[in-house]
$ cat entry32.cif   # mmCIF, C-alpha atoms and all ligand atoms
data_model
loop_
_atom_site.label_atom_id
_atom_site.label_comp_id
_atom_site.auth_asym_id
_atom_site.auth_seq_id
_atom_site.Cartn_x
_atom_site.Cartn_y
_atom_site.Cartn_z
CA MET A 29 -88.38 170.90 -102.53
CA THR A 30 -89.31 168.75 -99.52
CA ILE A 31 -92.70 167.16 -99.79
CA HIS A 32 -94.52 166.60 -96.49
CA THR A 33 -95.95 163.15 -96.89
CA ALA A 34 -96.65 159.72 -95.51
CA ASP A 35 -94.82 157.18 -97.69
CA ALA A 36 -97.80 154.95 -98.46
CA SER A 37 -99.93 157.80 -99.69
CA LEU A 38 -97.18 159.36 -101.74
CA ALA A 39 -97.24 156.47 -104.21
CA ALA A 40 -100.97 157.03 -104.73
CA ALA A 41 -100.57 160.78 -105.00
CA ARG A 42 -97.74 160.67 -107.57
CA PRO A 43 -99.88 160.12 -110.67
CA VAL A 44 -102.24 162.89 -109.57
CA ALA A 45 -99.37 165.26 -108.89
CA ALA A 46 -97.87 164.36 -112.28
CA VAL A 47 -101.10 165.30 -114.03
CA HIS A 48 -101.24 168.61 -112.20
CA ASP A 49 -97.58 169.29 -112.85
CA ARG A 50 -98.30 169.27 -116.56
CA LEU A 51 -101.83 170.62 -116.51
CA VAL A 52 -101.99 172.94 -113.51
CA TRP A 53 -105.39 174.01 -112.24
CA PRO A 54 -106.59 176.65 -112.60
CA PRO A 55 -104.50 177.12 -115.77
CA TYR A 56 -101.76 179.65 -115.04
CA SER A 57 -98.74 180.73 -117.02
CA GLY A 58 -98.10 183.96 -115.13
CA ALA A 59 -97.76 185.80 -118.42
CA SER A 60 -100.74 188.13 -118.29
CA PRO A 61 -102.11 190.22 -115.40
CA ALA A 62 -105.60 188.85 -116.10
CA GLU A 63 -104.36 185.45 -114.94
CA HIS A 64 -103.16 186.66 -111.57
CA VAL A 65 -106.61 187.66 -110.40
CA PRO A 66 -107.58 185.56 -107.39
CA ALA A 67 -111.04 184.31 -106.52
CA ALA A 68 -113.49 186.89 -105.12
CA ASP A 69 -113.41 186.46 -101.36
CA PRO A 70 -113.92 182.69 -101.18
CA PHE A 71 -114.15 182.90 -97.42
CA ARG A 72 -117.09 185.25 -97.29
CA GLU A 73 -119.86 182.73 -97.84
CA VAL A 74 -118.47 180.21 -95.41
CA ARG A 75 -117.91 182.83 -92.73
CA TRP A 76 -121.51 183.84 -93.13
CA LEU A 77 -122.86 180.29 -93.11
CA ALA A 78 -120.78 178.89 -90.30
CA TRP A 79 -120.51 181.89 -88.01
CA PRO A 80 -123.41 184.14 -89.05
CA SER A 81 -123.28 186.25 -85.91
CA GLU A 82 -119.69 187.22 -86.67
CA TRP A 83 -119.99 189.21 -89.82
CA ARG A 84 -117.01 191.32 -89.12
CA GLU A 85 -113.71 190.20 -90.44
CA ARG A 86 -111.62 188.31 -87.93
CA GLY A 87 -108.19 186.81 -87.95
CA MET A 88 -108.29 183.12 -88.71
CA LYS A 89 -105.97 180.33 -89.66
CA ILE A 90 -107.06 178.96 -93.00
CA LEU A 91 -105.75 175.89 -94.81
CA ASP A 92 -106.36 175.38 -98.53
CA VAL A 93 -105.71 171.72 -99.30
CA GLY A 94 -104.90 170.93 -102.95
CA CYS A 95 -104.60 174.65 -103.57
CA GLY A 96 -103.52 174.25 -107.20
CA THR A 97 -102.25 177.56 -108.53
CA GLY A 98 -103.55 179.35 -105.45
CA HIS A 99 -106.49 181.39 -106.69
CA ILE A 100 -108.50 180.47 -103.59
CA SER A 101 -105.66 180.82 -101.06
CA VAL A 102 -104.58 184.16 -102.50
CA GLY A 103 -108.21 185.34 -102.74
CA ALA A 104 -108.89 184.40 -99.12
CA ALA A 105 -105.73 186.20 -97.97
CA LYS A 106 -106.27 189.28 -100.10
CA HIS A 107 -109.85 189.81 -98.92
CA ASN A 108 -109.18 188.91 -95.28
CA ALA A 109 -106.12 190.89 -94.31
CA ARG A 110 -106.10 189.50 -90.75
CA ALA A 111 -106.29 185.88 -91.84
CA ASP A 112 -103.24 183.66 -91.98
CA VAL A 113 -103.57 181.38 -95.02
CA LEU A 114 -101.57 178.29 -95.96
CA GLY A 115 -102.02 176.59 -99.34
CA VAL A 116 -100.66 173.07 -99.86
CA ASP A 117 -100.43 170.94 -102.96
CA ALA A 118 -98.47 167.92 -104.16
CA SER A 119 -97.69 169.51 -107.50
CA GLU A 120 -94.50 171.55 -107.44
CA THR A 121 -95.51 173.39 -110.60
CA ALA A 122 -98.78 174.42 -108.96
CA ILE A 123 -96.99 175.65 -105.83
CA ARG A 124 -94.55 177.71 -107.90
CA ALA A 125 -97.46 179.27 -109.77
CA ALA A 126 -99.32 179.98 -106.52
CA LYS A 127 -96.27 181.73 -105.04
CA ASP A 128 -95.88 183.73 -108.22
CA ARG A 129 -99.53 184.80 -108.07
CA ALA A 130 -99.22 185.93 -104.43
CA GLU A 131 -95.99 187.80 -105.14
CA ARG A 132 -97.30 189.60 -108.19
CA LEU A 133 -100.36 190.72 -106.24
CA GLY A 134 -98.31 191.69 -103.20
CA VAL A 135 -100.38 189.49 -100.89
CA GLY A 136 -98.23 188.71 -97.86
CA ASN A 137 -100.50 186.81 -95.45
CA VAL A 138 -100.39 183.61 -97.47
CA GLY A 139 -97.76 180.88 -97.65
CA PHE A 140 -97.46 177.69 -99.67
CA ALA A 141 -95.99 174.27 -98.97
CA ALA A 142 -95.76 170.98 -100.80
CA CYS A 143 -97.88 168.44 -98.96
CA ILE A 144 -100.34 165.75 -99.97
CA PRO A 145 -103.85 165.78 -98.49
CA HIS A 146 -103.14 162.59 -96.49
CA ASP A 147 -100.34 164.21 -94.59
CA VAL A 148 -101.60 167.54 -93.32
CA GLU A 149 -100.74 166.55 -89.72
CA SER A 150 -97.06 166.89 -90.63
CA LEU A 151 -97.62 170.64 -91.02
CA GLY A 152 -97.79 170.74 -87.21
CA GLU A 153 -100.63 173.27 -87.11
CA THR A 154 -104.39 173.35 -86.61
CA PHE A 155 -106.87 175.46 -88.56
CA GLU A 156 -110.20 177.14 -88.02
CA PHE A 157 -111.21 176.85 -91.61
CA ILE A 158 -110.14 174.27 -94.19
CA TYR A 159 -110.94 174.42 -97.88
CA CYS A 160 -110.73 171.21 -99.80
CA THR A 161 -112.42 171.97 -103.08
CA ASP A 162 -111.95 170.02 -106.28
CA VAL A 163 -109.59 167.59 -104.61
CA LEU A 164 -111.49 164.73 -102.97
CA MET A 165 -112.67 163.42 -106.34
CA TYR A 166 -109.09 162.58 -107.26
CA VAL A 167 -108.07 160.62 -104.20
CA SER A 168 -108.69 156.89 -103.90
CA SER A 169 -110.17 157.34 -100.43
CA ALA A 170 -111.95 160.62 -99.83
CA GLY A 171 -112.95 159.37 -96.36
CA GLU A 172 -109.33 158.84 -95.41
CA VAL A 173 -108.42 162.38 -96.43
CA LEU A 174 -111.37 163.76 -94.47
CA ARG A 175 -110.08 161.93 -91.38
CA HIS A 176 -106.71 163.64 -91.77
CA LEU A 177 -108.38 167.00 -92.20
CA ARG A 178 -110.44 166.41 -89.07
CA ASN A 179 -107.18 165.85 -87.16
CA VAL A 180 -106.03 169.40 -87.95
CA LEU A 181 -109.42 171.08 -87.50
CA GLN A 182 -109.88 173.32 -84.47
CA PRO A 183 -112.94 172.47 -82.28
CA GLN A 184 -115.03 175.37 -83.59
CA GLY A 185 -113.68 175.06 -87.12
CA VAL A 186 -115.35 174.06 -90.36
CA ILE A 187 -114.31 172.32 -93.56
CA LEU A 188 -115.68 173.20 -96.98
CA ALA A 189 -115.22 170.22 -99.28
CA SER A 190 -116.51 169.45 -102.75
CA LEU A 191 -117.26 166.08 -104.28
CA LEU A 192 -118.52 165.13 -107.69
CA GLY A 193 -122.22 164.30 -107.75
CA ALA A 194 -122.72 160.74 -109.00
CA HIS A 195 -126.14 161.27 -110.56
CA GLY A 196 -125.51 164.69 -112.07
CA ARG A 197 -122.53 163.53 -114.09
CA PHE A 198 -124.21 160.56 -115.65
CA GLY A 199 -123.65 161.53 -119.31
CA VAL A 200 -120.04 162.52 -118.74
CA THR A 201 -119.40 159.33 -116.83
CA MET A 202 -120.61 157.34 -119.83
CA ILE A 203 -118.07 159.02 -122.11
CA ARG A 204 -115.37 158.51 -119.53
CA ASP A 205 -116.24 154.84 -119.26
CA ILE A 206 -115.93 154.39 -123.03
CA LEU A 207 -112.41 155.80 -122.69
CA ARG A 208 -111.76 153.35 -119.90
CA VAL A 209 -112.94 150.45 -122.07
CA VAL A 210 -110.73 151.38 -125.01
CA GLY A 211 -107.86 152.07 -122.61
CA HIS A 212 -108.19 148.56 -121.11
CA GLY A 213 -109.33 149.89 -117.76
CA GLN A 214 -107.01 152.89 -117.72
CA ILE A 215 -107.81 156.50 -118.31
CA SER A 216 -105.25 159.12 -119.13
CA PRO A 217 -105.54 162.87 -118.73
CA PHE A 218 -103.72 163.15 -122.03
CA GLN A 219 -106.55 161.57 -124.02
CA ALA A 220 -108.14 164.93 -124.73
CA LEU A 221 -108.24 164.47 -128.50
CA LEU A 222 -110.01 161.11 -128.38
CA ALA A 223 -112.36 162.36 -125.65
CA ARG A 224 -113.43 165.27 -127.87
CA LYS A 225 -114.03 162.96 -130.81
CA LEU A 226 -116.22 160.70 -128.68
CA MET A 227 -118.19 163.68 -127.39
CA ASP A 228 -118.78 164.85 -130.96
CA ALA A 229 -119.99 161.39 -131.93
CA THR A 230 -122.83 161.34 -129.37
CA ASN A 231 -126.32 161.72 -130.74
CA ASP A 232 -128.96 164.13 -129.51
CA ARG A 233 -130.53 161.56 -127.20
CA HIS A 234 -127.28 160.69 -125.44
CA PRO A 235 -127.36 161.89 -121.79
CA PHE A 236 -124.05 163.67 -122.40
CA ARG A 237 -125.84 166.14 -124.68
CA LYS A 238 -128.21 166.98 -121.85
CA GLN A 239 -125.45 168.08 -119.46
CA GLU A 240 -125.33 171.84 -119.39
CA PHE A 241 -121.64 171.80 -118.66
CA ALA A 242 -120.81 169.74 -121.74
CA ALA A 243 -119.49 172.95 -123.33
CA ASP A 244 -116.86 173.31 -120.56
CA LEU A 245 -115.41 170.00 -121.61
CA ARG A 246 -114.61 171.39 -125.02
CA SER A 247 -112.26 174.07 -123.71
CA ASP A 248 -108.56 173.73 -122.96
CA ASP A 249 -106.91 170.44 -122.08
CA ALA A 250 -106.35 171.36 -118.42
CA THR A 251 -110.09 171.94 -117.96
CA LEU A 252 -110.91 168.73 -119.78
CA ALA A 253 -108.44 166.71 -117.73
CA HIS A 254 -109.60 168.31 -114.54
CA LEU A 255 -113.29 167.72 -115.19
CA PHE A 256 -113.18 164.41 -116.83
CA LEU A 257 -109.99 162.46 -117.33
CA HIS A 258 -108.62 161.77 -113.92
CA PRO A 259 -107.27 158.27 -113.31
CA GLU A 260 -108.79 158.15 -109.85
CA GLU A 261 -112.03 160.05 -110.37
CA GLN A 262 -114.70 159.26 -107.77
CA ALA A 263 -118.26 160.59 -107.65
CA HIS A 264 -120.65 160.40 -104.70
CA THR A 265 -124.36 160.47 -104.02
CA VAL A 266 -125.77 162.43 -101.07
CA ARG A 267 -126.06 159.18 -99.10
CA GLN A 268 -122.45 158.24 -99.80
CA THR A 269 -121.37 161.73 -98.78
CA TYR A 270 -123.08 161.24 -95.40
CA GLU A 271 -121.29 157.91 -95.02
CA LEU A 272 -117.91 159.47 -95.79
CA ALA A 273 -118.48 162.20 -93.23
CA ALA A 274 -119.61 159.77 -90.53
CA ASP A 275 -116.63 157.47 -91.13
CA ALA A 276 -114.33 160.45 -90.77
CA GLY A 277 -115.97 161.49 -87.47
CA LEU A 278 -117.47 164.64 -88.95
CA GLN A 279 -121.01 165.97 -89.17
CA ILE A 280 -122.52 167.54 -92.25
CA LEU A 281 -123.76 171.03 -91.46
CA ARG A 282 -125.24 171.71 -94.85
CA PHE A 283 -124.96 171.24 -98.57
CA GLU A 284 -124.64 174.31 -100.76
CA PRO A 285 -126.63 175.79 -102.39
CA ALA A 286 -129.05 174.58 -99.73
CA GLY A 287 -132.06 175.14 -101.99
CA PHE A 288 -130.97 172.36 -104.33
CA TYR A 289 -131.32 169.88 -101.51
CA GLU A 290 -134.92 170.65 -100.52
CA PRO A 291 -137.74 168.57 -102.06
CA GLU A 292 -139.93 171.69 -101.83
CA GLY A 293 -137.85 173.16 -104.60
CA TYR A 294 -139.16 170.62 -107.07
CA LEU A 295 -142.61 169.67 -105.88
CA THR A 296 -145.41 172.14 -105.36
CA ASP A 297 -148.28 169.67 -104.99
CA PRO A 298 -148.92 169.24 -101.21
CA ASP A 299 -149.99 165.62 -101.76
CA ALA A 300 -146.72 164.81 -103.46
CA LEU A 301 -144.77 166.59 -100.71
CA ARG A 302 -146.54 164.97 -97.75
CA PRO A 303 -144.44 161.75 -97.65
CA PHE A 304 -141.26 163.82 -97.45
CA ALA A 305 -142.27 165.49 -94.20
CA ASP A 306 -141.23 162.58 -91.97
CA LEU A 307 -137.88 161.95 -93.61
CA SER A 308 -134.55 162.70 -91.93
CA PRO A 309 -132.48 165.60 -93.33
CA GLU A 310 -130.24 163.03 -94.99
CA GLN A 311 -133.16 161.30 -96.70
CA ARG A 312 -134.72 164.57 -97.77
CA ARG A 313 -131.47 165.77 -99.28
CA GLY A 314 -130.93 162.42 -100.99
CA ALA A 315 -134.44 162.59 -102.46
CA ALA A 316 -133.90 166.17 -103.63
CA GLU A 317 -130.74 165.07 -105.40
CA LEU A 318 -132.79 162.52 -107.32
CA LEU A 319 -135.49 165.05 -108.10
CA HIS A 320 -132.93 167.55 -109.37
CA SER A 321 -130.98 164.88 -111.28
CA ARG A 322 -128.26 167.24 -112.44
CA ILE A 323 -126.31 168.19 -109.33
CA ARG A 324 -122.83 167.69 -110.68
CA MET A 325 -120.94 168.83 -107.61
CA HIS A 326 -121.73 168.60 -103.92
CA ASN A 327 -120.36 171.47 -101.84
CA VAL A 328 -120.55 170.37 -98.28
CA LEU A 329 -119.84 172.15 -95.03
CA LEU A 330 -118.48 169.84 -92.31
CA ALA A 331 -117.61 170.23 -88.65
CA LEU A 332 -116.79 168.16 -85.59
CA PRO A 333 -119.74 166.62 -83.74
CA GLY A 334 -121.15 169.15 -81.31
CA PHE A 335 -120.57 172.16 -83.54
CA GLU A 336 -123.79 174.12 -83.55
CA MET A 337 -124.59 176.15 -86.58
CA ARG A 338 -126.88 179.05 -85.96
CA ALA A 339 -129.12 179.59 -88.97
CA PRO A 340 -128.36 182.84 -90.77
CA SER A 341 -130.96 185.35 -89.80
CA VAL A 342 -131.86 188.98 -90.20
CA GLY A 343 -133.28 189.05 -86.71
CA ASP A 344 -130.17 190.65 -85.24
CA GLY A 345 -130.68 194.22 -84.10
CA ASP A 346 -128.15 195.73 -86.46
CA TRP A 347 -129.22 194.00 -89.64
CA LEU A 348 -130.05 197.26 -91.40
CA ASP A 349 -126.33 198.13 -91.21
CA ALA A 350 -125.34 194.97 -93.02
CA VAL A 351 -124.38 195.02 -96.67
CA PRO A 352 -126.23 192.48 -98.79
CA VAL A 353 -123.96 190.66 -101.17
CA ARG A 354 -125.27 188.31 -103.79
CA SER A 355 -124.11 184.78 -103.63
CA ARG A 356 -121.58 183.64 -106.16
CA MET A 357 -123.67 180.50 -106.50
CA TRP A 358 -126.43 182.25 -108.39
CA GLN A 359 -126.12 183.90 -111.75
CA TRP A 360 -128.80 186.52 -112.00
CA GLN A 361 -130.30 187.49 -115.27
CA PRO A 362 -133.07 190.04 -115.75
CA VAL A 363 -136.10 188.58 -117.43
CA GLY A 364 -138.75 190.55 -119.28
CA GLY A 365 -141.92 191.44 -117.43
CA SER A 366 -145.39 192.38 -118.53
CA ASN A 367 -147.15 195.75 -118.04
CA GLY A 368 -143.90 197.66 -118.06
CA GLN A 369 -142.81 196.04 -114.78
CA ALA A 370 -139.25 194.91 -114.32
CA GLY A 371 -140.51 191.34 -114.32
CA GLY A 372 -138.14 189.29 -112.29
CA LEU A 373 -134.79 187.73 -112.09
CA SER A 374 -134.01 184.20 -112.95
CA ALA A 375 -130.92 182.23 -112.26
CA SER A 376 -129.13 179.84 -114.53
CA GLN A 377 -129.90 176.95 -112.23
CA SER A 378 -133.17 175.25 -112.97
CA PHE A 379 -134.19 175.13 -109.33
CA TRP A 380 -134.25 178.83 -109.04
CA SER A 381 -136.09 179.29 -112.30
CA ILE A 382 -138.91 177.24 -110.81
CA GLU A 383 -138.80 179.19 -107.59
CA HIS A 384 -138.64 182.43 -109.45
CA LYS A 385 -142.05 181.93 -111.00
CA GLY A 386 -143.72 181.93 -107.61
CA GLN A 387 -141.56 184.32 -105.66
CA PHE A 388 -139.69 186.80 -107.68
CA GLY A 389 -142.26 188.80 -109.50
CA GLY A 390 -142.97 192.47 -108.90
CA TRP A 391 -141.36 194.40 -106.11
CA GLN A 392 -139.35 191.49 -104.73
CA ALA A 393 -137.32 191.29 -107.91
CA GLN A 394 -136.72 195.01 -107.77
CA VAL A 395 -135.55 194.80 -104.17
CA ILE A 396 -133.06 192.13 -105.19
CA ALA A 397 -131.91 194.36 -108.03
CA LEU A 398 -131.15 197.09 -105.49
CA CYS A 399 -129.04 194.76 -103.37
CA GLU A 400 -125.94 195.30 -105.45
CA GLY A 401 -122.67 196.92 -104.48
CA ASP A 402 -121.86 198.23 -101.03
CA ARG A 403 -125.14 199.82 -99.99
CA THR A 404 -126.42 198.68 -96.63
CA LEU A 405 -129.78 197.04 -96.19
CA GLY A 406 -130.83 200.31 -94.57
CA ASP A 407 -130.00 202.14 -97.82
CA VAL A 408 -131.93 199.59 -99.83
CA TRP A 409 -134.83 199.91 -97.42
CA GLY A 410 -134.70 203.70 -97.75
CA THR A 411 -135.00 203.50 -101.54
CA VAL A 412 -137.71 200.89 -101.35
CA SER A 413 -139.83 202.69 -98.81
CA ALA A 414 -139.57 206.02 -100.67
CA HIS A 415 -140.85 204.47 -103.86
CA PRO A 416 -144.54 203.57 -103.64
CA GLY A 417 -144.41 201.88 -107.02
CA LEU A 418 -142.22 199.15 -105.61
CA TRP A 419 -144.92 197.95 -103.29
CA ALA A 420 -148.06 195.97 -103.63
CA VAL A 421 -148.61 195.62 -99.89
CA ASP A 422 -150.15 197.76 -97.20
CA GLU A 423 -147.88 200.42 -95.72
CA ASP A 424 -147.91 198.94 -92.21
CA GLN A 425 -146.74 195.62 -93.53
CA ARG A 426 -143.76 197.00 -95.41
CA VAL A 427 -141.02 196.52 -92.85
CA GLU A 428 -142.16 193.03 -92.03
CA ALA A 429 -142.50 192.10 -95.69
CA PHE A 430 -139.04 193.49 -96.44
CA ARG A 431 -137.51 191.69 -93.53
CA ALA A 432 -139.25 188.42 -94.35
CA PHE A 433 -138.14 188.65 -97.95
CA ILE A 434 -134.52 189.41 -97.10
CA GLY A 435 -134.63 186.62 -94.50
CA LYS A 436 -135.76 184.16 -97.11
CA CYS A 437 -133.00 185.22 -99.51
CA VAL A 438 -130.49 184.87 -96.72
CA SER A 439 -131.62 181.43 -95.61
CA ARG A 440 -131.53 180.25 -99.20
CA SER A 441 -128.02 181.67 -99.63
CA ILE A 442 -129.09 184.02 -102.39
CA LEU A 443 -127.97 187.00 -100.38
CA HIS A 444 -125.23 187.04 -97.79
CA LEU A 445 -124.84 189.83 -95.33
CA THR A 446 -121.46 191.30 -94.65
CA ARG A 447 -120.01 194.42 -93.00
C1 LIG A 501 -108.44 170.75 -109.59
S1 LIG A 501 -107.20 171.31 -108.59
C2 LIG A 501 -108.09 172.22 -107.39
C3 LIG A 501 -107.50 173.53 -107.08
C4 LIG A 501 -108.32 174.34 -106.09
N1 LIG A 501 -108.47 173.63 -104.82
C5 LIG A 501 -109.66 174.70 -106.66
O1 LIG A 501 -110.69 174.42 -106.02
O2 LIG A 501 -109.72 175.28 -107.74
C6 LIG A 501 -106.78 169.85 -107.70
C7 LIG A 501 -105.46 170.00 -106.94
O3 LIG A 501 -105.41 168.99 -105.96
C8 LIG A 501 -104.16 168.37 -105.98
N2 LIG A 501 -104.41 166.97 -105.67
C9 LIG A 501 -105.46 166.28 -106.03
N3 LIG A 501 -105.33 164.99 -105.61
C10 LIG A 501 -104.22 164.92 -104.97
C11 LIG A 501 -103.57 163.85 -104.32
N4 LIG A 501 -104.05 162.61 -104.28
N5 LIG A 501 -102.43 164.13 -103.74
C12 LIG A 501 -101.95 165.36 -103.81
N6 LIG A 501 -102.50 166.42 -104.41
C13 LIG A 501 -103.63 166.18 -105.00
C14 LIG A 501 -103.63 168.55 -107.36
O4 LIG A 501 -102.21 168.61 -107.43
C15 LIG A 501 -104.28 169.84 -107.85
O5 LIG A 501 -103.45 170.96 -107.79
#
$ encode --input "entry32.cif" --output "C-alpha cells"
Amino acid sequence: MTIHTADASLAAARPVAAVHDRLVWPPYSGASPAEHVPAADPFREVRWLAWPSEWRERGMKILDVGCGTGHISVGAAKHNARADVLGVDASETAIRAAKDRAERLGVGNVGFAACIPHDVESLGETFEFIYCTDVLMYVSSAGEVLRHLRNVLQPQGVILASLLGAHGRFGVTMIRDILRVVGHGQISPFQALLARKLMDATNDRHPFRKQEFAADLRSDDATLAHLFLHPEEQAHTVRQTYELAADAGLQILRFEPAGFYEPEGYLTDPDALRPFADLSPEQRRGAAELLHSRIRMHNVLLALPGFEMRAPSVGDGDWLDAVPVRSRMWQWQPVGGSNGQAGGLSASQSFWSIEHKGQFGGWQAQVIALCEGDRTLGDVWGTVSAHPGLWAVDEDQRVEAFRAFIGKCVSRSILHLTR
C-alpha cells in the first residue's frame, strides 16, 4: 500500500502507526456484527453548531484524519447519504478494518487511504469539514498538524479536533510518569500489565483514584494503550489550545460541551462571579477549566479567521418543525422527585448536576423527557400545552417559557435541532 507522506514526518509517525497496527482503535476484529456498528451520526452536532441555519442534510466533503477503524467515517457517511467522506490513517491494519466495516454495512460514500496527518495536502483535495479526534495527542507537534489541516480546509469549513486536557488527567499522568521513570524515559504501549499493577497499588488519596474514568483504564489493552500509554502523549490546557490554534492560523469557535467552559456553571455567588465579567473568552474558558478541574478532553471547533458562527437559536420561523435530538455529550438519568413529581434529570457530568438543581425541576424536566425520538418540537409543544399538570406558569406565558427553555437547552448543546 502506498502511504501518502512527507519523509520527515513519516519517521515520527512510524512508532504511532506501529502501535495502532497491533492495537487498532476502536478495537475491531470484524468477527461479530456488533462490532461493525458505526458511530451515531457524528456529523450532526457539528452541522448544528457550525451551520445552525442549515439543518437540512447537504452534500459535503468530509475528511476524517486518523480515522482508525473507521467508526466515525462510516457513521458520517451512513447518516449523511449526500456526503462524500474520506478517512485516512497511517496504520494499514486500521485502514483494512475500516474498509471491512464500510463493506459489511454497504456504505458506499466513504473511501479510505493511508496518509499521515502531516501530509493531507498530498491528497490533492479540500474539505468542508475535517474531523481530527483522538489524534493530536499522539503527534509531537499538534500545531504543525493543525497547520496542515488548515491548508486543506475550505473557506467556510470547520475542523473538530480533540486534545487531552492537561489538568483533568492529573492522576493518570502521575501513573504514566512512574512508568516513564522505570522505563528510563520511555513508555511503551505494551506495558499494560505493569500499568495495571501500579494502578492497583495507588491508595485512596491518590489523585488517580479520583478520576472517574479510571475504570476505563482497566479494560482491554487497546483501550489502555490508547488512553494512557502512548510514547508521544501530549496534553493541553485551554490557554495552550488557544496558542496552538493561533500558531496554525485558525480561530477557536467554541469548546464542547460549551457549558463546561463557563465560570457561571461553577459559581453561583454574584460576588465571586463579578471579576470574571471583564475577562476575554479565552480567560473565562481557562478559568472554567480550573474550576472544573476534571476536563480530561478538550473538543474544539476551529475555523479560518473571518468565519462567523451564528449562535444556535430557536428564533427561526420554522423551529416548531424541527426535531429535538439530545446531545451525545450528556447522559441523562431520571432522578427521583418529591410529591409524586417526575423530579428531574441529571447528567453524569458534575457540571450539569449542579445546573440541574436550579433549572431542571418540575415541568422543564418533563419537557426534556418528551424530547426523545423523532417527534418535532411542535409535537412536544402539543403534548405539553394539552397537559395542565406540566405547567407551573400562567397560560399566556407558556409559549414564551417553552421557547426560552428550548433555547437554553440548544445554546448549551443539550438539545440539537435537526430535520
Ligand atoms: C485513537 S485512534 C482515533 C480513531 C478515531 N479518530 C476516533 O476518534 O476514534 C488514533 C488514530 O490516529 C492515528 N495516528 C495517530 N497519530 C498518528 C501519527 N503521528 N501519524 C499517523 N497516524 C496517527 C493512529 O494510527 C490511530 O488509528
$ residues_around --input "entry32.cif" --residues "Phe430 in chain A" --least-positions-apart "4" --cutoff "8 Å" --atoms "all atoms listed in the file" --output "compact mmCIF listing (two decimals) with C-alpha atoms, in the coordinates of the input"
# COMPACT_ATOMS: atom_id res chain seq x y z
CA TRP A 409 -134.83 199.91 -97.42
CA ARG A 426 -143.76 197.00 -95.41
CA ILE A 434 -134.52 189.41 -97.10
$ residues_around --input "entry32.cif" --residues "Leu51 in chain A" --least-positions-apart "5" --cutoff "10 Å" --atoms "only C-alpha atoms" --output "short mmCIF file (atom, residue, chain, number, x, y, z; two decimals) with C-alpha atoms, in the frame of the given file"
data_model
loop_
_atom_site.label_atom_id
_atom_site.label_comp_id
_atom_site.auth_asym_id
_atom_site.auth_seq_id
_atom_site.Cartn_x
_atom_site.Cartn_y
_atom_site.Cartn_z
CA ALA A 45 -99.37 165.26 -108.89
CA ALA A 46 -97.87 164.36 -112.28
CA TYR A 56 -101.76 179.65 -115.04
CA SER A 119 -97.69 169.51 -107.50
CA THR A 121 -95.51 173.39 -110.60
CA ALA A 122 -98.78 174.42 -108.96
CA PRO A 217 -105.54 162.87 -118.73
CA PHE A 218 -103.72 163.15 -122.03
CA ASP A 248 -108.56 173.73 -122.96
CA ASP A 249 -106.91 170.44 -122.08
CA ALA A 250 -106.35 171.36 -118.42
CA THR A 251 -110.09 171.94 -117.96
CA LEU A 252 -110.91 168.73 -119.78
CA ALA A 253 -108.44 166.71 -117.73
CA HIS A 254 -109.60 168.31 -114.54
#
$ atom_distance --input "entry32.cif" --atom1 "CA of Arg282 in chain A" --atom2 "CA of Lys238 in chain A"
27.6 Å
$ closest_residue --input "entry32.cif" --among "A:Ala62, A:Leu443, A:Ala142, A:Val163" --to "ligand LIG 501 (chain A)" --atoms "only C-alpha atoms and all ligand atoms"
A:Val163
$ closest_residue --input "entry32.cif" --among "A:Gln279, A:Ser308, A:Ser150, A:Thr296" --to "Phe335 in chain A" --atoms "only C-alpha atoms"
A:Gln279
$ residues_near_point --input "entry32.cif" --point "(-105.2, 158.5, -118.3)" --cutoff "6 Å" --atoms "all atoms listed in the file" --output "list of chain:residue names"
A:Gln214, A:Ile215, A:Ser216, A:Pro217, A:Pro259
$ residues_around --input "entry32.cif" --residues "Cys160 in chain A" --least-positions-apart "6" --cutoff "8 Å" --atoms "only C-alpha atoms" --output "PyMOL selection string"
chain A and resi 92-95+187-190
$ atom_distance --input "entry32.cif" --atom1 "CA of Leu151 in chain A" --atom2 "CA of Val113 in chain A"
12.9 Å
$ atom_distance --input "entry32.cif" --atom1 "CA of Arg204 in chain A" --atom2 "CA of Gln219 in chain A"
10.4 Å
$ closest_residue --input "entry32.cif" --among "A:Glu149, A:Glu260, A:Asp69, A:Glu400" --to "Val47 in chain A" --atoms "all atoms listed in the file"
A:Glu260
$ closest_residue --input "entry32.cif" --among "A:Ala141, A:Leu398, A:Ala276, A:Val266" --to "Ala125 in chain A" --atoms "only C-alpha atoms"
A:Ala141
$ closest_residue --input "entry32.cif" --among "A:Leu318, A:Ile144, A:Ile442, A:Ala105" --to "ligand LIG 501 (chain A)" --atoms "only C-alpha atoms and all ligand atoms"
A:Ile144
$ residues_around --input "entry32.cif" --residues "Leu329 in chain A" --least-positions-apart "4" --cutoff "12 Å" --atoms "all atoms listed in the file" --output "PyMOL selection string"
chain A and resi 73-78+157-161+174+185-191+269-270+273+278-286+335+337
$ closest_residue --input "entry32.cif" --among "A:Leu164, A:Ala130, A:Leu181, A:Val65" --to "ligand LIG 501 (chain A)" --atoms "all atoms listed in the file"
A:Leu164
